[in-house]
$ cat upload-v9.pdb   # PDB, C-alpha atoms, pLDDT in the B column
ATOM      1  CA  MET O   1       2.451  32.447   5.025  1.00 74.00           C
ATOM      2  CA  ALA O   2       1.403  35.840   6.428  1.00 84.00           C
ATOM      3  CA  VAL O   3       0.826  39.527   5.793  1.00 88.00           C
ATOM      4  CA  GLY O   4       2.109  41.955   8.414  1.00 83.00           C
ATOM      5  CA  VAL O   5       2.824  45.646   8.812  1.00 84.00           C
ATOM      6  CA  GLU O   6       6.235  47.252   9.208  1.00 77.00           C
ATOM      7  CA  PRO O   7       6.138  49.424  12.339  1.00 75.00           C
ATOM      8  CA  GLY O   8       6.835  53.103  11.992  1.00 77.00           C
ATOM      9  CA  THR O   9       6.059  53.190   8.281  1.00 80.00           C
ATOM     10  CA  SER O  10       2.921  51.015   8.380  1.00 80.00           C
ATOM     11  CA  ARG O  11       4.194  49.460   5.164  1.00 87.00           C
ATOM     12  CA  PRO O  12       2.697  45.995   4.542  1.00 91.00           C
ATOM     13  CA  VAL O  13       5.031  43.039   4.086  1.00 89.00           C
ATOM     14  CA  LEU O  14       4.068  39.685   2.643  1.00 92.00           C
ATOM     15  CA  LEU O  15       6.057  36.789   3.997  1.00 90.00           C
ATOM     16  CA  LEU O  16       6.293  33.661   1.850  1.00 93.00           C
ATOM     17  CA  GLN O  17       7.790  30.422   3.135  1.00 90.00           C
ATOM     18  CA  GLU O  18       9.642  27.898   1.022  1.00 90.00           C
ATOM     19  CA  ALA O  19       7.591  24.687   1.093  1.00 88.00           C
ATOM     20  CA  ALA O  20      10.549  22.295   0.832  1.00 84.00           C
ATOM     21  CA  GLY O  21      14.265  22.357   1.487  1.00 79.00           C
ATOM     22  CA  ASP O  22      15.356  24.851   4.110  1.00 83.00           C
ATOM     23  CA  HIS O  23      11.894  26.469   4.451  1.00 85.00           C
ATOM     24  CA  ARG O  24      13.475  29.890   3.927  1.00 90.00           C
ATOM     25  CA  LEU O  25      11.333  33.001   4.294  1.00 91.00           C
ATOM     26  CA  LEU O  26      10.901  35.470   1.427  1.00 92.00           C
ATOM     27  CA  PRO O  27       9.768  38.973   2.487  1.00 90.00           C
ATOM     28  CA  VAL O  28       7.993  41.058  -0.166  1.00 92.00           C
ATOM     29  CA  TRP O  29       6.962  44.632   0.616  1.00 91.00           C
ATOM     30  CA  ILE O  30       3.593  45.400  -0.984  1.00 93.00           C
ATOM     31  CA  GLY O  31       0.960  48.121  -1.053  1.00 90.00           C
ATOM     32  CA  PRO O  32      -1.940  48.381   1.388  1.00 91.00           C
ATOM     33  CA  ALA O  33      -4.591  47.511  -1.212  1.00 90.00           C
ATOM     34  CA  GLU O  34      -2.675  44.403  -2.262  1.00 92.00           C
ATOM     35  CA  ALA O  35      -2.121  43.390   1.371  1.00 92.00           C
ATOM     36  CA  ASN O  36      -5.849  43.763   1.955  1.00 91.00           C
ATOM     37  CA  ALA O  37      -6.685  41.617  -1.091  1.00 92.00           C
ATOM     38  CA  ILE O  38      -4.280  38.874   0.000  1.00 93.00           C
ATOM     39  CA  ALA O  39      -5.521  38.940   3.605  1.00 91.00           C
ATOM     40  CA  MET O  40      -9.136  38.740   2.450  1.00 91.00           C
ATOM     41  CA  GLU O  41      -8.328  35.704   0.305  1.00 92.00           C
ATOM     42  CA  GLN O  42      -6.464  34.056   3.186  1.00 91.00           C
ATOM     43  CA  GLN O  43      -9.464  34.584   5.449  1.00 90.00           C
ATOM     44  CA  GLY O  44     -12.036  33.572   2.822  1.00 89.00           C
ATOM     45  CA  VAL O  45     -13.860  36.911   2.988  1.00 88.00           C
ATOM     46  CA  SER O  46     -16.413  37.384   0.241  1.00 85.00           C
ATOM     47  CA  LEU O  47     -17.603  40.803  -0.964  1.00 89.00           C
ATOM     48  CA  PRO O  48     -20.776  41.597  -2.928  1.00 88.00           C
ATOM     49  CA  ARG O  49     -18.714  42.735  -5.947  1.00 92.00           C
ATOM     50  CA  PRO O  50     -15.411  41.223  -7.144  1.00 91.00           C
ATOM     51  CA  MET O  51     -12.066  42.776  -6.346  1.00 92.00           C
ATOM     52  CA  THR O  52      -9.651  43.245  -9.263  1.00 92.00           C
ATOM     53  CA  HIS O  53      -7.852  39.906  -8.803  1.00 94.00           C
ATOM     54  CA  GLN O  54     -11.213  38.145  -8.559  1.00 94.00           C
ATOM     55  CA  LEU O  55     -12.369  39.855 -11.747  1.00 94.00           C
ATOM     56  CA  ILE O  56      -9.212  38.681 -13.527  1.00 96.00           C
ATOM     57  CA  GLY O  57      -9.896  35.153 -12.262  1.00 96.00           C
ATOM     58  CA  ASP O  58     -13.454  35.388 -13.616  1.00 95.00           C
ATOM     59  CA  VAL O  59     -12.126  36.557 -17.004  1.00 96.00           C
ATOM     60  CA  ILE O  60      -9.644  33.667 -17.114  1.00 97.00           C
ATOM     61  CA  ASP O  61     -12.516  31.257 -16.356  1.00 96.00           C
ATOM     62  CA  ALA O  62     -14.848  32.940 -18.890  1.00 96.00           C
ATOM     63  CA  PHE O  63     -12.289  32.305 -21.631  1.00 97.00           C
ATOM     64  CA  GLY O  64     -12.047  28.665 -20.621  1.00 96.00           C
ATOM     65  CA  ARG O  65      -8.469  29.051 -19.448  1.00 97.00           C
ATOM     66  CA  GLN O  66      -6.749  27.895 -16.265  1.00 97.00           C
ATOM     67  CA  LEU O  67      -4.100  29.467 -14.059  1.00 98.00           C
ATOM     68  CA  GLN O  68      -1.672  26.598 -13.530  1.00 98.00           C
ATOM     69  CA  GLN O  69       0.724  28.442 -11.237  1.00 97.00           C
ATOM     70  CA  VAL O  70       2.283  31.736 -10.266  1.00 97.00           C
ATOM     71  CA  ARG O  71       6.031  31.914 -10.638  1.00 98.00           C
ATOM     72  CA  ILE O  72       8.180  34.574  -8.949  1.00 97.00           C
ATOM     73  CA  THR O  73      10.843  34.871 -11.621  1.00 97.00           C
ATOM     74  CA  GLU O  74      13.358  37.474 -10.516  1.00 96.00           C
ATOM     75  CA  ILE O  75      14.309  40.308  -8.233  1.00 94.00           C
ATOM     76  CA  ARG O  76      15.917  43.328  -9.831  1.00 93.00           C
ATOM     77  CA  ASP O  77      16.651  46.621  -8.024  1.00 91.00           C
ATOM     78  CA  ASN O  78      14.667  45.338  -5.005  1.00 88.00           C
ATOM     79  CA  ILE O  79      11.591  44.783  -7.189  1.00 92.00           C
ATOM     80  CA  TYR O  80      10.105  41.315  -7.542  1.00 95.00           C
ATOM     81  CA  TYR O  81       8.772  40.091 -10.884  1.00 97.00           C
ATOM     82  CA  ALA O  82       6.233  37.339 -11.420  1.00 97.00           C
ATOM     83  CA  GLU O  83       4.472  35.511 -14.209  1.00 98.00           C
ATOM     84  CA  LEU O  84       1.035  33.999 -14.387  1.00 98.00           C
ATOM     85  CA  MET O  85       1.496  30.570 -15.962  1.00 98.00           C
ATOM     86  CA  LEU O  86      -1.698  29.717 -17.805  1.00 98.00           C
ATOM     87  CA  ASP O  87      -2.562  26.568 -19.717  1.00 97.00           C
ATOM     88  CA  ARG O  88      -1.435  26.288 -23.364  1.00 95.00           C
ATOM     89  CA  ASN O  89       2.005  27.663 -22.423  1.00 95.00           C
ATOM     90  CA  THR O  90       0.699  31.205 -21.947  1.00 96.00           C
ATOM     91  CA  ARG O  91       2.704  33.476 -19.663  1.00 97.00           C
ATOM     92  CA  VAL O  92       1.579  36.878 -18.439  1.00 97.00           C
ATOM     93  CA  SER O  93       3.852  39.279 -16.568  1.00 97.00           C
ATOM     94  CA  ALA O  94       2.400  40.418 -13.237  1.00 96.00           C
ATOM     95  CA  ARG O  95       3.243  42.147  -9.995  1.00 95.00           C
ATOM     96  CA  VAL O  96       3.966  39.584  -7.288  1.00 95.00           C
ATOM     97  CA  SER O  97       1.271  40.915  -4.979  1.00 95.00           C
ATOM     98  CA  ASP O  98      -1.428  40.754  -7.667  1.00 95.00           C
ATOM     99  CA  ALA O  99      -0.268  37.326  -8.807  1.00 96.00           C
ATOM    100  CA  ILE O 100      -0.386  35.939  -5.271  1.00 96.00           C
ATOM    101  CA  ALA O 101      -3.875  37.330  -4.613  1.00 95.00           C
ATOM    102  CA  LEU O 102      -5.032  35.695  -7.867  1.00 96.00           C
ATOM    103  CA  ALA O 103      -3.308  32.398  -7.017  1.00 96.00           C
ATOM    104  CA  LEU O 104      -4.978  32.322  -3.607  1.00 95.00           C
ATOM    105  CA  HIS O 105      -8.344  33.086  -5.188  1.00 94.00           C
ATOM    106  CA  LEU O 106      -8.033  30.353  -7.824  1.00 96.00           C
ATOM    107  CA  GLY O 107      -6.176  27.828  -5.672  1.00 95.00           C
ATOM    108  CA  ALA O 108      -3.091  27.844  -7.901  1.00 97.00           C
ATOM    109  CA  PRO O 109       0.371  26.986  -6.548  1.00 96.00           C
ATOM    110  CA  ILE O 110       2.989  29.704  -6.010  1.00 96.00           C
ATOM    111  CA  HIS O 111       6.614  29.025  -6.908  1.00 96.00           C
ATOM    112  CA  ALA O 112       9.761  31.138  -6.664  1.00 95.00           C
ATOM    113  CA  GLU O 113      12.853  30.584  -8.771  1.00 95.00           C
ATOM    114  CA  ASP O 114      15.865  29.350  -6.804  1.00 92.00           C
ATOM    115  CA  THR O 115      17.757  32.465  -7.920  1.00 95.00           C
ATOM    116  CA  VAL O 116      15.126  34.644  -6.214  1.00 95.00           C
ATOM    117  CA  LEU O 117      15.249  32.596  -3.020  1.00 93.00           C
ATOM    118  CA  ASP O 118      19.050  32.578  -3.046  1.00 92.00           C
ATOM    119  CA  ALA O 119      19.144  36.359  -3.485  1.00 92.00           C
ATOM    120  CA  ALA O 120      16.387  37.497  -1.142  1.00 92.00           C
ATOM    121  CA  ALA O 121      15.191  34.754   1.206  1.00 91.00           C
ATOM    122  CA  VAL O 122      16.303  34.555   4.794  1.00 88.00           C
ATOM    123  CA  ALA O 123      16.973  31.509   6.906  1.00 83.00           C
ATOM    124  CA  ARG O 124      13.999  30.047   8.665  1.00 71.00           C
ATOM    125  CA  THR O 125      13.974  30.157  12.428  1.00 62.00           C
ATOM    126  CA  ALA O 126      11.779  28.009  14.625  1.00 34.00           C
ATOM    127  CA  VAL O 127       8.674  29.283  12.839  1.00 42.00           C
ATOM    128  CA  ARG O 128       6.241  26.778  11.391  1.00 44.00           C
ATOM    129  CA  ARG O 129       3.037  27.333   9.477  1.00 44.00           C
ATOM    130  CA  GLU O 130      -0.081  27.569  11.568  1.00 44.00           C
ATOM    131  CA  GLY O 131      -1.739  24.182  11.584  1.00 47.00           C
ATOM    132  CA  ASP O 132       1.487  22.209  11.082  1.00 47.00           C
ATOM    133  CA  GLU O 133       1.612  19.190  13.312  1.00 50.00           C
ATOM    134  CA  GLY O 134       3.653  19.895  16.382  1.00 46.00           C
ATOM    135  CA  ALA O 135       3.721  23.673  15.904  1.00 45.00           C
ATOM    136  CA  PRO O 136       3.199  25.099  19.370  1.00 46.00           C
ATOM    137  CA  ALA O 137       0.613  27.883  19.450  1.00 51.00           C
ATOM    138  CA  ASP O 138       3.063  30.166  21.260  1.00 52.00           C
ATOM    139  CA  GLU O 139       5.530  29.883  18.328  1.00 46.00           C
ATOM    140  CA  VAL O 140       2.831  30.983  15.899  1.00 48.00           C
ATOM    141  CA  GLU O 141       1.818  33.858  18.171  1.00 54.00           C
ATOM    142  CA  GLN O 142       5.463  34.834  18.635  1.00 53.00           C
ATOM    143  CA  PHE O 143       5.904  34.943  14.859  1.00 54.00           C
ATOM    144  CA  ARG O 144       2.800  37.090  14.442  1.00 56.00           C
ATOM    145  CA  ARG O 145       4.214  39.524  17.011  1.00 58.00           C
ATOM    146  CA  PHE O 146       7.495  39.512  15.076  1.00 58.00           C
ATOM    147  CA  LEU O 147       5.659  40.417  11.838  1.00 57.00           C
ATOM    148  CA  ASP O 148       3.933  43.305  13.585  1.00 57.00           C
ATOM    149  CA  THR O 149       7.292  44.748  14.617  1.00 59.00           C
ATOM    150  CA  ALA O 150       9.547  43.639  11.731  1.00 57.00           C
ATOM    151  CA  SER O 151      11.517  46.059   9.575  1.00 54.00           C
ATOM    152  CA  PRO O 152      13.342  45.492   6.250  1.00 51.00           C
ATOM    153  CA  GLU O 153      16.628  45.231   8.144  1.00 53.00           C
ATOM    154  CA  ASP O 154      15.286  42.182   9.986  1.00 52.00           C
ATOM    155  CA  PHE O 155      15.214  40.348   6.661  1.00 50.00           C
ATOM    156  CA  ASP O 156      18.672  41.419   5.444  1.00 47.00           C
ATOM    157  CA  PRO O 157      20.438  38.174   4.459  1.00 43.00           C
ATOM    158  CA  ASP O 158      23.940  39.585   5.121  1.00 44.00           C
TER     159      ASP O 158
END
$ encode --input "upload-v9.pdb" --output "structure tokens"
Amino acid sequence: MAVGVEPGTSRPVLLLQEAAGDHRLLPVWIGPAEANAIAMEQQGVSLPRPMTHQLIGDVIDAFGRQLQQVRITEIRDNIYYAELMLDRNTRVSARVSDAIALALHLGAPIHAEDTVLDAAAVARTAVRREGDEGAPADEVEQFRRFLDTASPEDFDPD
């Protein structure tokens, strides 16, 4: 959904939104390089040389394989775990931030296990994805302002 920066610490946070059901929000704190890679993919920015996730995508393609989806499989000790789900039932463990950058680059879907959403997602407010029918522009702008000032405590489900 969006990449923002936690004020005070300037720590990037990736915010994923559940596509169905309650449309819960899943905050994932990531590194600056990973945030940059994800933001560049979201904006369609192209560089003269491939970034790491783009290189991995090129290697997958060169071997005639396909990334079918990224699956966020668990959260343990506040660390998210993901798997790249390739064709021929091949699974590769990956950091969530790298997996998401790769999924965006290759156009693969991103899924999170219900156990991850139940443990770490927060209830959706009046925020809708940009471009959704009926989503007022001021709601989107208000959410962007929220991301710029959000802290981990804002996402505490308790």
$ atom_distance --input "upload-v9.pdb" --atom1 "CA of Arg71 (chain O)" --atom2 "CA of Thr9 (chain O)"
28.5 Å
$ resolve_selection --input "upload-v9.pdb" --expression "the PyMOL selection byres ((chain O and resi 17) around 12)" --output "number ranges by chain"
O: 1-3, 14-16, 18-28, 110-112, 117, 120-125, 127-130
$ write_last_selection --input "upload-v9.pdb" --atoms "C-alpha atoms" --output "mmCIF file, in the frame of the given file"
data_model
loop_
_atom_site.group_PDB
_atom_site.id
_atom_site.type_symbol
_atom_site.label_atom_id
_atom_site.label_comp_id
_atom_site.auth_asym_id
_atom_site.auth_seq_id
_atom_site.Cartn_x
_atom_site.Cartn_y
_atom_site.Cartn_z
ATOM 1 C CA MET O 1 2.451 32.447 5.025
ATOM 2 C CA ALA O 2 1.403 35.840 6.428
ATOM 3 C CA VAL O 3 0.826 39.527 5.793
ATOM 4 C CA LEU O 14 4.068 39.685 2.643
ATOM 5 C CA LEU O 15 6.057 36.789 3.997
ATOM 6 C CA LEU O 16 6.293 33.661 1.850
ATOM 7 C CA GLU O 18 9.642 27.898 1.022
ATOM 8 C CA ALA O 19 7.591 24.687 1.093
ATOM 9 C CA ALA O 20 10.549 22.295 0.832
ATOM 10 C CA GLY O 21 14.265 22.357 1.487
ATOM 11 C CA ASP O 22 15.356 24.851 4.110
ATOM 12 C CA HIS O 23 11.894 26.469 4.451
ATOM 13 C CA ARG O 24 13.475 29.890 3.927
ATOM 14 C CA LEU O 25 11.333 33.001 4.294
ATOM 15 C CA LEU O 26 10.901 35.470 1.427
ATOM 16 C CA PRO O 27 9.768 38.973 2.487
ATOM 17 C CA VAL O 28 7.993 41.058 -0.166
ATOM 18 C CA ILE O 110 2.989 29.704 -6.010
ATOM 19 C CA HIS O 111 6.614 29.025 -6.908
ATOM 20 C CA ALA O 112 9.761 31.138 -6.664
ATOM 21 C CA LEU O 117 15.249 32.596 -3.020
ATOM 22 C CA ALA O 120 16.387 37.497 -1.142
ATOM 23 C CA ALA O 121 15.191 34.754 1.206
ATOM 24 C CA VAL O 122 16.303 34.555 4.794
ATOM 25 C CA ALA O 123 16.973 31.509 6.906
ATOM 26 C CA ARG O 124 13.999 30.047 8.665
ATOM 27 C CA THR O 125 13.974 30.157 12.428
ATOM 28 C CA VAL O 127 8.674 29.283 12.839
ATOM 29 C CA ARG O 128 6.241 26.778 11.391
ATOM 30 C CA ARG O 129 3.037 27.333 9.477
ATOM 31 C CA GLU O 130 -0.081 27.569 11.568
#
$ residues_around --input "upload-v9.pdb" --residues "region 74-84 of chain O" --least-positions-apart "5" --cutoff "10 Å" --atoms "only C-alpha atoms" --output "list in words"
Val28, Trp29, Leu67, Gln68, Gln69, Thr90, Arg91, Val92, Ser93, Ala94, Arg95, Val96, Ser97, Asp98, Ala99, Ile100, Leu102, Ala103, Ala108, Ile110, His111, Ala112, Glu113, Asp114, Thr115, Val116, Leu117, Ala119 and Ala120 of chain O
$ residues_around --input "upload-v9.pdb" --residues "Met51 (chain O)" --least-positions-apart "3" --cutoff "12 Å" --atoms "all atoms listed in the file" --output "number ranges by chain"
O: 33-34, 36-38, 40-41, 45-48, 54-58, 98, 101-102, 105
$ write_last_selection --input "upload-v9.pdb" --atoms "C-alpha atoms" --output "JSON list (two decimals), in the coordinates of the input"
[["chain", "number", "residue", "atom", "x", "y", "z"],
["O", 33, "ALA", "CA", -4.59, 47.51, -1.21],
["O", 34, "GLU", "CA", -2.68, 44.40, -2.26],
["O", 36, "ASN", "CA", -5.85, 43.76, 1.96],
["O", 37, "ALA", "CA", -6.68, 41.62, -1.09],
["O", 38, "ILE", "CA", -4.28, 38.87, 0.00],
["O", 40, "MET", "CA", -9.14, 38.74, 2.45],
["O", 41, "GLU", "CA", -8.33, 35.70, 0.30],
["O", 45, "VAL", "CA", -13.86, 36.91, 2.99],
["O", 46, "SER", "CA", -16.41, 37.38, 0.24],
["O", 47, "LEU", "CA", -17.60, 40.80, -0.96],
["O", 48, "PRO", "CA", -20.78, 41.60, -2.93],
["O", 54, "GLN", "CA", -11.21, 38.15, -8.56],
["O", 55, "LEU", "CA", -12.37, 39.85, -11.75],
["O", 56, "ILE", "CA", -9.21, 38.68, -13.53],
["O", 57, "GLY", "CA", -9.90, 35.15, -12.26],
["O", 58, "ASP", "CA", -13.45, 35.39, -13.62],
["O", 98, "ASP", "CA", -1.43, 40.75, -7.67],
["O", 101, "ALA", "CA", -3.88, 37.33, -4.61],
["O", 102, "LEU", "CA", -5.03, 35.70, -7.87],
["O", 105, "HIS", "CA", -8.34, 33.09, -5.19]]
$ closest_residue --input "upload-v9.pdb" --among "O:Met85, O:Val5, O:Val13, O:Leu104" --to "Gln43 (chain O)" --atoms "only C-alpha atoms"
O:Leu104
$ atom_distance --input "upload-v9.pdb" --atom1 "CA of Arg88 (chain O)" --atom2 "CA of Asp61 (chain O)"
14.0 Å
$ atom_distance --input "upload-v9.pdb" --atom1 "CA of Pro109 (chain O)" --atom2 "CA of Gly44 (chain O)"
16.9 Å
